[in-house]
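What's in input.txt: compact mmCIF, C-alpha atoms
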# COMPACT_ATOMS: atom_id res chain seq x y z
CA MET A 1 -2.73 -33.64 -0.62
CA LEU A 2 -2.44 -30.31 -2.40
CA PRO A 3 -1.27 -27.43 -0.18
CA PHE A 4 -3.83 -25.00 -1.65
CA ALA A 5 -7.32 -23.97 -0.60
CA ARG A 6 -10.19 -23.85 -3.04
CA ARG A 7 -10.04 -20.06 -3.10
CA ASP A 8 -6.51 -20.31 -4.57
CA PHE A 9 -7.87 -22.37 -7.44
CA LEU A 10 -10.72 -19.92 -7.95
CA LYS A 11 -8.38 -16.96 -8.22
CA ALA A 12 -6.07 -18.77 -10.59
CA GLY A 13 -9.01 -19.91 -12.71
CA ALA A 14 -10.50 -16.44 -12.84
CA TYR A 15 -7.15 -15.05 -13.91
CA LEU A 16 -7.00 -17.52 -16.78
CA VAL A 17 -10.41 -16.40 -17.96
CA SER A 18 -9.32 -12.75 -17.77
CA LEU A 19 -6.49 -13.59 -20.16
CA GLY A 20 -8.90 -15.21 -22.59
CA MET A 21 -7.29 -18.62 -22.17
CA THR A 22 -8.58 -21.71 -23.94
CA ALA A 23 -9.00 -25.00 -22.10
CA PRO A 24 -8.23 -28.43 -23.47
CA ALA A 25 -11.46 -30.39 -23.77
CA PHE A 26 -10.50 -33.07 -21.21
CA LEU A 27 -10.14 -30.35 -18.55
CA THR A 28 -13.54 -28.93 -19.42
CA ARG A 29 -15.11 -32.35 -18.99
CA THR A 30 -13.53 -32.45 -15.56
CA ALA A 31 -15.34 -29.20 -14.77
CA GLU A 32 -18.66 -30.96 -15.10
CA LEU A 33 -17.74 -33.13 -12.11
CA VAL A 34 -16.80 -30.20 -9.84
CA GLU A 35 -19.59 -28.82 -7.69
CA ALA A 36 -19.55 -25.04 -7.39
CA ALA A 37 -19.34 -23.67 -3.87
CA PRO A 38 -22.34 -21.69 -2.61
CA VAL A 39 -22.09 -17.99 -3.40
CA THR A 40 -22.01 -15.68 -0.38
CA PRO A 41 -21.41 -11.93 -0.67
CA VAL A 42 -18.40 -11.12 1.49
CA GLY A 43 -19.85 -9.27 4.43
CA ASN A 44 -21.90 -7.35 1.83
CA ARG A 45 -19.35 -4.54 2.02
CA ILE A 46 -17.68 -3.37 -1.19
CA LEU A 47 -14.96 -0.83 -1.90
CA VAL A 48 -14.70 0.76 -5.35
CA VAL A 49 -11.42 2.61 -5.95
CA MET A 50 -11.41 5.25 -8.69
CA GLN A 51 -7.96 6.28 -9.92
CA TRP A 52 -7.71 9.72 -11.59
CA SER A 53 -4.54 9.21 -13.57
CA GLY A 54 -2.33 12.18 -14.35
CA GLY A 55 -2.63 14.39 -11.30
CA ASN A 56 -5.98 16.11 -10.75
CA ASP A 57 -6.10 19.85 -10.15
CA GLY A 58 -7.56 19.88 -6.67
CA LEU A 59 -7.65 23.67 -6.45
CA ASN A 60 -10.04 23.86 -9.39
CA THR A 61 -12.06 20.92 -8.05
CA ILE A 62 -12.78 22.21 -4.56
CA VAL A 63 -12.25 25.89 -5.25
CA PRO A 64 -10.79 28.20 -2.55
CA ILE A 65 -13.11 31.08 -3.49
CA GLY A 66 -12.41 32.97 -0.27
CA TYR A 67 -8.65 33.32 -0.81
CA PRO A 68 -7.19 36.16 -2.91
CA GLU A 69 -3.90 34.22 -3.19
CA TYR A 70 -5.66 31.65 -5.37
CA TYR A 71 -6.93 34.26 -7.79
CA ALA A 72 -3.61 36.11 -7.86
CA ALA A 73 -1.72 32.92 -8.73
CA ARG A 74 -4.20 31.85 -11.42
CA PRO A 75 -5.20 34.90 -13.44
CA ARG A 76 -6.05 32.76 -16.49
CA ILE A 77 -7.67 29.60 -15.13
CA ALA A 78 -9.18 30.30 -11.69
CA ILE A 79 -12.84 29.38 -11.31
CA PRO A 80 -14.75 32.66 -10.78
CA GLN A 81 -16.39 32.92 -7.40
CA ALA A 82 -19.76 33.55 -9.03
CA ALA A 83 -19.46 30.34 -11.09
CA ALA A 84 -18.48 28.02 -8.23
CA LEU A 85 -21.24 26.05 -6.57
CA PRO A 86 -21.53 26.99 -2.87
CA LEU A 87 -19.84 24.78 -0.30
CA THR A 88 -18.68 27.04 2.55
CA ALA A 89 -17.93 30.74 2.90
CA THR A 90 -14.39 30.08 1.63
CA LEU A 91 -14.81 27.03 -0.61
CA GLY A 92 -16.89 26.15 -3.64
CA TRP A 93 -17.43 23.26 -6.06
CA HIS A 94 -16.34 23.27 -9.68
CA PRO A 95 -19.61 23.82 -11.57
CA SER A 96 -19.18 20.44 -13.34
CA LEU A 97 -19.66 18.67 -10.00
CA ALA A 98 -23.30 19.55 -9.42
CA LYS A 99 -24.33 15.88 -9.10
CA ILE A 100 -21.57 15.21 -6.54
CA LYS A 101 -22.63 18.33 -4.64
CA ALA A 102 -26.21 16.99 -4.53
CA ARG A 103 -24.91 13.78 -2.94
CA PHE A 104 -22.81 15.86 -0.52
CA ASP A 105 -25.96 17.75 0.47
CA GLN A 106 -27.44 14.34 1.36
CA SER A 107 -24.40 13.60 3.59
CA GLN A 108 -23.16 10.95 1.15
CA VAL A 109 -19.80 12.57 0.25
CA ALA A 110 -16.76 13.15 2.44
CA ILE A 111 -14.21 15.65 1.15
CA ILE A 112 -10.78 14.91 2.61
CA GLN A 113 -8.72 18.07 2.14
CA ASN A 114 -5.00 18.51 1.43
CA VAL A 115 -4.16 14.81 1.21
CA GLY A 116 -0.58 13.80 0.46
CA TYR A 117 2.58 12.50 2.10
CA PRO A 118 5.95 13.83 3.34
CA ASN A 119 8.52 14.91 0.75
CA PRO A 120 6.14 14.62 -2.21
CA ASN A 121 7.45 13.19 -5.46
CA ARG A 122 6.29 14.94 -8.63
CA SER A 123 7.03 12.08 -11.00
CA HIS A 124 3.86 10.42 -12.27
CA PHE A 125 5.38 6.95 -12.03
CA ARG A 126 7.02 7.22 -8.63
CA SER A 127 4.16 9.10 -6.99
CA MET A 128 1.59 6.66 -8.37
CA ASP A 129 3.68 3.77 -7.03
CA ILE A 130 3.70 5.45 -3.62
CA TRP A 131 -0.08 5.68 -3.58
CA HIS A 132 -0.39 2.10 -4.84
CA THR A 133 1.98 0.59 -2.28
CA ALA A 134 1.44 2.97 0.67
CA GLU A 135 5.23 3.18 1.01
CA PRO A 136 6.73 6.66 0.36
CA SER A 137 10.24 5.90 1.62
CA LYS A 138 11.33 3.18 -0.82
CA PRO A 139 10.10 1.29 -3.89
CA VAL A 140 8.28 -1.96 -3.13
CA SER A 141 6.52 -4.42 -5.40
CA GLN A 142 3.41 -5.16 -3.32
CA GLY A 143 0.20 -3.12 -3.43
CA TRP A 144 -1.87 -2.07 -0.44
CA LEU A 145 -5.09 -3.64 -1.71
CA GLY A 146 -3.30 -6.83 -2.68
CA THR A 147 -1.84 -6.98 0.81
CA TYR A 148 -5.32 -6.49 2.28
CA VAL A 149 -6.73 -9.35 0.18
CA ALA A 150 -3.81 -11.64 1.05
CA ASN A 151 -3.87 -10.96 4.78
CA CYS A 152 -7.34 -9.83 5.78
CA CYS A 153 -9.41 -12.09 3.51
CA ASN A 154 -7.44 -15.22 4.35
CA GLY A 155 -7.46 -15.56 8.10
CA VAL A 156 -5.89 -12.36 9.42
CA GLY A 157 -7.90 -9.48 10.83
CA ALA A 158 -11.61 -10.00 10.19
CA PRO A 159 -11.91 -12.81 7.64
CA ALA A 160 -15.10 -12.97 5.63
CA PRO A 161 -16.92 -15.90 4.02
CA GLU A 162 -15.19 -17.42 1.03
CA ALA A 163 -15.58 -15.44 -2.20
CA ASP A 164 -15.27 -16.64 -5.77
CA VAL A 165 -13.16 -13.60 -6.65
CA GLU A 166 -12.23 -11.19 -3.87
CA ALA A 167 -10.97 -8.37 -6.10
CA TRP A 168 -11.33 -7.28 -9.72
CA SER A 169 -9.43 -4.77 -11.81
CA VAL A 170 -11.92 -3.39 -14.33
CA GLY A 171 -9.95 -2.10 -17.28
CA SER A 172 -7.06 -3.15 -19.48
CA SER A 173 -4.35 -3.81 -16.90
CA LEU A 174 -3.74 -4.85 -13.30
CA PRO A 175 -2.70 -1.90 -11.12
CA LEU A 176 0.20 -2.29 -8.70
CA ALA A 177 -2.24 -1.56 -5.86
CA LEU A 178 -3.76 -5.03 -6.37
CA TRP A 179 -0.51 -6.91 -6.86
CA VAL A 180 0.81 -9.30 -4.20
CA GLN A 181 2.56 -12.65 -4.42
CA HIS A 182 0.39 -15.78 -4.21
CA VAL A 183 -2.89 -13.88 -4.80
CA VAL A 184 -4.27 -13.72 -8.33
CA VAL A 185 -6.51 -10.75 -9.14
CA PRO A 186 -8.21 -10.92 -12.55
CA THR A 187 -8.55 -8.02 -14.95
CA ILE A 188 -11.75 -7.62 -16.95
CA SER A 189 -12.70 -5.04 -19.57
CA SER A 190 -16.35 -6.09 -19.89
CA VAL A 191 -18.57 -8.94 -18.73
CA ALA A 192 -19.42 -9.84 -22.33
CA SER A 193 -15.73 -10.35 -23.20
CA PHE A 194 -15.02 -12.46 -20.12
CA SER A 195 -15.44 -15.90 -21.68
CA PHE A 196 -13.62 -19.21 -21.54
CA GLN A 197 -13.60 -21.23 -24.73
CA THR A 198 -12.80 -24.93 -25.13
CA ASP A 199 -10.76 -26.40 -27.94
CA GLY A 200 -9.09 -29.80 -28.13
CA ALA A 201 -6.22 -28.23 -30.06
CA ALA A 202 -5.45 -25.73 -27.33
CA PRO A 203 -1.92 -25.39 -25.89
CA THR A 204 -1.02 -27.57 -22.94
CA ALA A 205 -1.64 -26.20 -19.46
CA GLU A 206 2.10 -26.01 -18.86
CA ARG A 207 2.53 -23.54 -21.74
CA THR A 208 -0.72 -21.70 -21.12
CA LEU A 209 -0.04 -20.92 -17.48
CA ARG A 210 2.72 -18.48 -18.21
CA THR A 211 2.29 -15.93 -15.44
CA SER A 212 4.85 -15.91 -12.66
CA THR A 213 2.26 -16.39 -9.93
CA LEU A 214 0.72 -19.47 -11.50
CA LYS A 215 4.15 -20.89 -12.27
CA GLN A 216 5.00 -20.51 -8.61
CA ILE A 217 1.88 -22.42 -7.63
CA LEU A 218 2.59 -25.17 -10.11
CA SER A 219 6.28 -25.46 -9.22
CA GLN A 220 5.33 -26.44 -5.67
CA THR A 221 3.46 -29.48 -6.89
CA THR A 222 5.04 -30.73 -10.12
CA THR A 223 8.45 -31.79 -8.82
CA ALA A 224 7.26 -33.75 -5.82
CA ASN A 225 4.02 -35.09 -7.21
CA PRO A 226 3.19 -35.07 -10.95
CA ARG A 227 -0.31 -36.41 -10.23
CA ALA A 228 -0.91 -33.48 -7.91
CA TYR A 229 0.07 -31.15 -10.75
CA GLU A 230 -2.51 -32.73 -13.04
CA GLU A 231 -5.23 -32.44 -10.40
CA LEU A 232 -4.32 -28.81 -9.68
CA THR A 233 -4.48 -27.97 -13.37
CA ARG A 234 -7.86 -29.66 -13.74
CA THR A 235 -9.20 -27.73 -10.75
CA ILE A 236 -7.93 -24.39 -12.03
CA TYR A 237 -9.58 -24.89 -15.38
CA ALA A 238 -12.76 -26.21 -13.79
CA ASP A 239 -13.10 -23.08 -11.67
CA ALA A 240 -12.29 -20.91 -14.66
CA VAL A 241 -15.21 -22.45 -16.53
CA THR A 242 -17.50 -22.03 -13.50
CA THR A 243 -16.61 -18.33 -13.10
CA SER A 244 -17.04 -17.71 -16.81
CA GLU A 245 -20.45 -19.39 -16.85
CA LYS A 246 -21.66 -17.27 -13.92
CA LEU A 247 -20.61 -14.07 -15.65
CA GLN A 248 -22.05 -15.08 -18.99
CA ALA A 249 -25.35 -15.81 -17.26
CA ILE A 250 -25.32 -12.29 -15.82
CA ALA A 251 -24.41 -10.81 -19.22
CA ASN A 252 -27.37 -12.58 -20.78
CA SER A 253 -29.89 -11.85 -18.03
CA TYR A 254 -29.00 -8.46 -16.53
CA THR A 255 -28.55 -5.10 -18.22
CA PRO A 256 -28.15 -1.99 -16.04
CA ARG A 257 -31.20 0.24 -16.23
CA GLU A 258 -29.29 3.49 -15.84
CA THR A 259 -27.57 5.21 -18.77
CA PHE A 260 -23.82 5.43 -18.18
CA PRO A 261 -21.42 7.71 -20.06
CA THR A 262 -19.88 5.84 -22.99
CA ARG A 263 -16.32 6.90 -22.16
CA GLY A 264 -14.08 7.59 -19.18
CA PHE A 265 -15.42 6.17 -15.93
CA GLY A 266 -18.78 5.22 -17.43
CA PRO A 267 -18.02 1.80 -19.01
CA PRO A 268 -15.96 0.38 -16.10
CA LEU A 269 -18.52 1.43 -13.49
CA ARG A 270 -21.25 -0.17 -15.58
CA THR A 271 -19.19 -3.37 -15.58
CA VAL A 272 -18.76 -3.13 -11.80
CA CYS A 273 -22.55 -3.10 -11.45
CA GLN A 274 -22.74 -6.30 -13.50
CA LEU A 275 -20.02 -7.95 -11.42
CA ILE A 276 -21.79 -6.98 -8.19
CA GLN A 277 -25.01 -8.45 -9.56
CA ALA A 278 -23.08 -11.68 -10.31
CA LYS A 279 -22.76 -12.18 -6.53
CA LEU A 280 -19.21 -13.49 -6.57
CA GLY A 281 -18.57 -12.14 -3.07
CA THR A 282 -16.10 -9.56 -4.33
CA ARG A 283 -14.93 -6.91 -1.86
CA ILE A 284 -12.67 -4.74 -4.04
CA PHE A 285 -13.23 -3.20 -7.47
CA TYR A 286 -10.65 -0.95 -9.13
CA VAL A 287 -11.33 1.41 -12.05
CA GLN A 288 -9.26 4.15 -13.62
CA ASN A 289 -9.46 7.02 -16.08
CA GLY A 290 -6.66 9.19 -17.49
CA GLY A 291 -6.31 12.66 -18.91
CA PHE A 292 -5.80 14.60 -15.67
CA ASP A 293 -2.24 15.69 -16.61
CA THR A 294 -3.45 19.12 -17.71
CA HIS A 295 -0.26 21.02 -18.57
CA SER A 296 -2.06 22.81 -21.38
CA ASN A 297 -5.63 23.66 -22.35
CA GLN A 298 -6.92 22.73 -18.93
CA VAL A 299 -9.54 25.38 -19.57
CA ALA A 300 -11.01 26.38 -22.90
CA ALA A 301 -10.50 29.71 -24.64
CA SER A 302 -13.29 31.56 -26.40
CA GLY A 303 -12.20 34.25 -28.81
CA GLY A 304 -8.78 34.25 -27.19
CA THR A 305 -10.25 34.75 -23.71
CA PRO A 306 -9.90 31.89 -21.18
CA SER A 307 -13.16 30.22 -20.15
CA PRO A 308 -12.27 28.53 -16.83
CA THR A 309 -15.55 26.65 -16.44
CA THR A 310 -15.15 24.78 -19.74
CA GLY A 311 -12.37 22.72 -21.32
CA THR A 312 -10.50 19.51 -20.56
CA HIS A 313 -10.74 19.62 -16.78
CA ALA A 314 -14.43 20.51 -16.82
CA ASP A 315 -15.09 17.58 -19.17
CA LEU A 316 -13.20 15.17 -16.90
CA LEU A 317 -15.13 16.29 -13.83
CA THR A 318 -18.43 16.08 -15.70
CA ASN A 319 -17.63 12.52 -16.75
CA PHE A 320 -16.75 11.63 -13.16
CA ALA A 321 -19.95 13.15 -11.76
CA ASP A 322 -22.23 11.63 -14.41
CA SER A 323 -20.59 8.19 -14.09
CA VAL A 324 -20.81 8.13 -10.29
CA GLU A 325 -24.44 9.27 -10.29
CA ALA A 326 -25.43 6.56 -12.79
CA PHE A 327 -23.50 4.02 -10.72
CA LEU A 328 -25.17 4.97 -7.45
CA ARG A 329 -28.61 4.95 -9.03
CA GLU A 330 -27.99 1.51 -10.50
CA LEU A 331 -26.78 0.21 -7.14
CA GLU A 332 -30.07 1.39 -5.71
CA ASN A 333 -31.93 -0.42 -8.51
CA ILE A 334 -30.29 -3.72 -7.56
CA GLY A 335 -30.55 -3.18 -3.81
CA ARG A 336 -26.84 -2.73 -3.08
CA LEU A 337 -26.53 1.03 -2.54
CA GLN A 338 -25.94 0.69 1.21
CA ASP A 339 -23.13 -1.83 0.64
CA VAL A 340 -20.74 0.29 -1.43
CA VAL A 341 -18.18 2.99 -0.66
CA ILE A 342 -16.23 4.79 -3.42
CA LEU A 343 -12.70 6.11 -2.83
CA THR A 344 -11.13 8.50 -5.35
CA PHE A 345 -7.46 9.45 -5.61
CA SER A 346 -4.89 10.97 -7.93
CA GLU A 347 -1.12 10.75 -7.66
CA PHE A 348 -0.71 14.45 -6.84
CA GLY A 349 -2.39 17.83 -7.21
CA ARG A 350 -1.28 20.71 -9.42
CA ARG A 351 0.84 23.80 -8.86
CA LEU A 352 -0.77 26.80 -7.24
CA ALA A 353 0.29 29.05 -10.13
CA ASP A 354 -1.06 28.47 -13.63
CA ASN A 355 1.22 28.41 -16.66
CA ASP A 356 1.23 30.21 -20.01
CA SER A 357 -0.56 27.32 -21.76
CA LEU A 358 -3.83 27.67 -19.85
CA GLY A 359 -2.79 24.72 -17.70
CA THR A 360 -1.04 23.68 -14.51
CA ASP A 361 2.09 21.72 -13.69
CA HIS A 362 2.75 18.92 -11.19
CA GLY A 363 2.03 19.87 -7.60
CA ALA A 364 1.56 18.13 -4.27
CA ALA A 365 -1.44 17.91 -1.93
CA ALA A 366 -5.04 17.81 -3.16
CA PRO A 367 -8.51 16.79 -1.94
CA LEU A 368 -10.05 13.37 -2.52
CA PHE A 369 -13.61 12.08 -2.19
CA VAL A 370 -15.19 9.18 -0.32
CA ILE A 371 -18.71 8.60 -1.59
CA GLY A 372 -21.75 6.51 -0.66
CA PRO A 373 -24.61 6.34 1.86
CA PRO A 374 -22.37 4.60 4.47
CA VAL A 375 -20.13 7.69 4.49
CA LYS A 376 -20.31 10.35 7.18
CA GLY A 377 -20.48 13.25 4.76
CA GLY A 378 -18.75 16.56 5.29
CA LEU A 379 -15.40 18.33 5.11
CA TYR A 380 -12.37 16.76 6.78
CA GLY A 381 -9.23 18.81 7.30
CA ASN A 382 -8.60 22.52 7.02
CA ASP A 383 -8.72 24.75 3.98
CA PRO A 384 -5.51 24.98 1.91
CA ASP A 385 -2.91 27.08 3.71
CA PHE A 386 -1.70 29.72 1.26
CA LYS A 387 0.51 31.34 3.90
CA ASN A 388 2.71 28.26 4.37
CA LEU A 389 3.55 26.80 0.97
CA ASP A 390 6.22 24.16 0.50
CA ARG A 391 9.64 24.82 -1.05
CA SER A 392 8.14 24.56 -4.54
CA LYS A 393 5.43 27.06 -3.57
CA ASP A 394 2.77 24.38 -3.58
CA ILE A 395 0.03 23.55 -1.11
CA GLN A 396 1.40 21.38 1.71
CA PHE A 397 -0.31 18.18 2.76
CA GLN A 398 -2.18 18.09 6.06
CA ILE A 399 -3.63 14.57 5.99
CA ASP A 400 -1.48 11.56 5.15
CA PHE A 401 -3.13 9.40 2.50
CA ARG A 402 -2.34 6.35 4.62
CA SER A 403 -4.72 7.69 7.27
CA VAL A 404 -7.46 7.53 4.64
CA TYR A 405 -6.43 3.98 3.74
CA ALA A 406 -6.34 2.98 7.41
CA THR A 407 -9.90 4.20 7.91
CA ILE A 408 -11.12 2.31 4.85
CA ILE A 409 -9.36 -0.88 5.94
CA LYS A 410 -10.54 -0.84 9.54
CA ASP A 411 -13.91 0.89 9.54
CA TRP A 412 -15.25 -0.28 6.19
CA LEU A 413 -13.48 -3.51 5.21
CA GLY A 414 -12.93 -4.83 8.73
CA GLY A 415 -9.22 -5.47 8.35
CA ASP A 416 -6.12 -4.61 10.34
CA PRO A 417 -4.51 -1.38 9.04
CA ALA A 418 -1.16 -2.10 10.68
CA THR A 419 -0.91 -5.45 8.89
CA VAL A 420 -1.65 -3.84 5.53
CA LEU A 421 0.19 -0.54 5.89
CA GLY A 422 3.09 -1.61 8.07
CA GLY A 423 2.44 1.10 10.63
CA THR A 424 -0.16 3.08 12.57
CA PHE A 425 -1.87 6.12 11.07
CA ALA A 426 -4.44 8.39 12.69
CA PRO A 427 -7.91 7.55 11.32
CA VAL A 428 -10.19 10.07 9.64
CA PRO A 429 -13.74 9.36 10.87
CA PHE A 430 -15.60 9.51 7.54
CA ILE A 431 -17.38 6.14 7.88
CA ALA A 432 -20.77 6.50 9.57

Can you turn what I pasted into structure tokens?
Amino acid sequence: MLPFARRDFLKAGAYLVSLGMTAPAFLTRTAELVEAAPVTPVGNRILVVMQWSGGNDGLNTIVPIGYPEYYAARPRIAIPQAAALPLTATLGWHPSLAKIKARFDQSQVAIIQNVGYPNPNRSHFRSMDIWHTAEPSKPVSQGWLGTYVANCCNGVGAPAPEADVEAWSVGSSLPLALWVQHVVVPTISSVASFSFQTDGAAPTAERTLRTSTLKQILSQTTTANPRAYEELTRTIYADAVTTSEKLQAIANSYTPRETFPTRGFGPPLRTVCQLIQAKLGTRIFYVQNGGFDTHSNQVAASGGTPSPTTGTHADLLTNFADSVEAFLRELENIGRLQDVVILTFSEFGRRLADNDSLGTDHGAAAPLFVIGPPVKGGLYGNDPDFKNLDRSKDIQFQIDFRSVYATIIKDWLGGDPATVLGGTFAPVPFIA
């Protein structure tokens, strides 16, 4: 008997499809004999993680309009108080975030202020790894979402009904956040490109399955039982064909009604809608967009005069707001709006002071958003403390990002935060 559950085969098969693998014809014929398991959305609850790569300028996102220290430190790029959209007496929204503000006014957006971790690292790579692994003290090779899928979707915490694919990375690469041994998370750029072709001249399964995870699976069966290896390979390919056929059916029958931006967050969120409509029982979707490393030209200049409400950062925030609004509207179209929560993050904020290139350098704490009707909207945490900056004269963190993760894991996904994060962190009550 093979020591693997059907869900292991499904994940491996989906991963093969994501790599564009080609199946030998005899394995495809085997697929015709395999009955697909019934599709059950996993608890109906979905988390969409949006990574803002590069380090978003939190101070020009949620603008501290009531603090003269902000304007003194940013004479060239500060958002004028008159231009900021009203939030509180001391805070305002960047004017590009009008659509997010409208959702906030409907209690569908939580703003978690001054999020970070002790002894912040200002390297893109190291800080991003810290956010991906939830481990600031040492490098580790296992992501927090991968750990959740491995432990909380497979019998630990609050297990859910079996899913075809429990997590997807929508983009060109698999983020470390979704990596964990023995769990295969597929990467997809678009539903239309997610196909599994058959060709009798294809490479053998032994050569095709060249990822370390799949080799580990196969190595546990081939030595002791060659027949078990053959059956495992047949099953993997069979499930790959089944997953591909489901997605191709969706691609041919469902087109989102909303108009998404054609760049940035728009295309991946459109794909997420299609994957949700495919009803594969997926709990986690991960999308990312870059460009937030705004050392120069963060704001535009008109006639040599800085124009803080336009430029690179304004364009990025506009793309985010337009993409999220189209996504939420499409979720409502397909009847899944109440099932989805969006979590945004960036690896760090930016320096309090601007630089001579109309930009900002690497900083520390910054706000993040949690979005969706299931969210208890509002402000969480205090305003930035300009009187107590860190040694680099940056805003200090007040809320540990692992507290945000813990809340998502426990209150939204129904898992055990201690199992995933390796410790206990005070929750932030932003789930209604």

ask   = In Å, how far is it from CA of Arg270 (chain A) to CA of Gly143 (chain A)?
value = 24.8 Å

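The gap separating CA of Val109 (chain A) from CA of Glu347 (chain A) is 20.4 Å, in Å to one decimal.
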
key: Residues near Ser123 (chain A), cut-off 10 Å, all atoms listed in the file, skip fewer than 4 positions along chain, as a PyMOL selection string   = chain A and resi 54-55+127-129+347-348+362-363

key: Contacts of Ser403 (chain A) at 6 Å (all atoms listed in the file; same-chain gap of 2+ positions) as a ChimeraX atom specification   = /A:400-401,405-406,425-427

For His132 (chain A), list every protein, DNA or RNA residue within 9 Å, evaluated using only C-alpha atoms, and leave out those in the same chain fewer than 5 positions away; present the list as an mmCIF file with C-alpha atoms, in the coordinates of the input.
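Below is the file out.cif, written as the result:
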data_model
loop_
_atom_site.group_PDB
_atom_site.id
_atom_site.type_symbol
_atom_site.label_atom_id
_atom_site.label_comp_id
_atom_site.auth_asym_id
_atom_site.auth_seq_id
_atom_site.Cartn_x
_atom_site.Cartn_y
_atom_site.Cartn_z
ATOM 1 C CA SER A 127 4.160 9.100 -6.990
ATOM 2 C CA GLN A 142 3.410 -5.160 -3.320
ATOM 3 C CA GLY A 143 0.200 -3.120 -3.430
ATOM 4 C CA TRP A 144 -1.870 -2.070 -0.440
ATOM 5 C CA LEU A 145 -5.090 -3.640 -1.710
ATOM 6 C CA PRO A 175 -2.700 -1.900 -11.120
ATOM 7 C CA LEU A 176 0.200 -2.290 -8.700
ATOM 8 C CA ALA A 177 -2.240 -1.560 -5.860
ATOM 9 C CA LEU A 178 -3.760 -5.030 -6.370
#

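Residue neighbourhood of Tyr148 (chain A), excluding near-sequence residues (fewer than 2 positions): Gly143, Trp144, Leu145, Gly146, Ala150, Asn151, Cys152, Cys153, Leu178, Ile409, Gly415, Asp416, Pro417, Thr419, Val420 and Leu421 of chain A, at 9 Å, using all atoms listed in the file.
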
Output the selection as a PDB file, in the frame of the given file - C-alpha atoms for each residue.
ATOM      1  CA  GLY A 143       0.200  -3.120  -3.430  1.00  0.00           C
ATOM      2  CA  TRP A 144      -1.870  -2.070  -0.440  1.00  0.00           C
ATOM      3  CA  LEU A 145      -5.090  -3.640  -1.710  1.00  0.00           C
ATOM      4  CA  GLY A 146      -3.300  -6.830  -2.680  1.00  0.00           C
ATOM      5  CA  ALA A 150      -3.810 -11.640   1.050  1.00  0.00           C
ATOM      6  CA  ASN A 151      -3.870 -10.960   4.780  1.00  0.00           C
ATOM      7  CA  CYS A 152      -7.340  -9.830   5.780  1.00  0.00           C
ATOM      8  CA  CYS A 153      -9.410 -12.090   3.510  1.00  0.00           C
ATOM      9  CA  LEU A 178      -3.760  -5.030  -6.370  1.00  0.00           C
ATOM     10  CA  ILE A 409      -9.360  -0.880   5.940  1.00  0.00           C
ATOM     11  CA  GLY A 415      -9.220  -5.470   8.350  1.00  0.00           C
ATOM     12  CA  ASP A 416      -6.120  -4.610  10.340  1.00  0.00           C
ATOM     13  CA  PRO A 417      -4.510  -1.380   9.040  1.00  0.00           C
ATOM     14  CA  THR A 419      -0.910  -5.450   8.890  1.00  0.00           C
ATOM     15  CA  VAL A 420      -1.650  -3.840   5.530  1.00  0.00           C
ATOM     16  CA  LEU A 421       0.190  -0.540   5.890  1.00  0.00           C
TER      17      LEU A 421
END
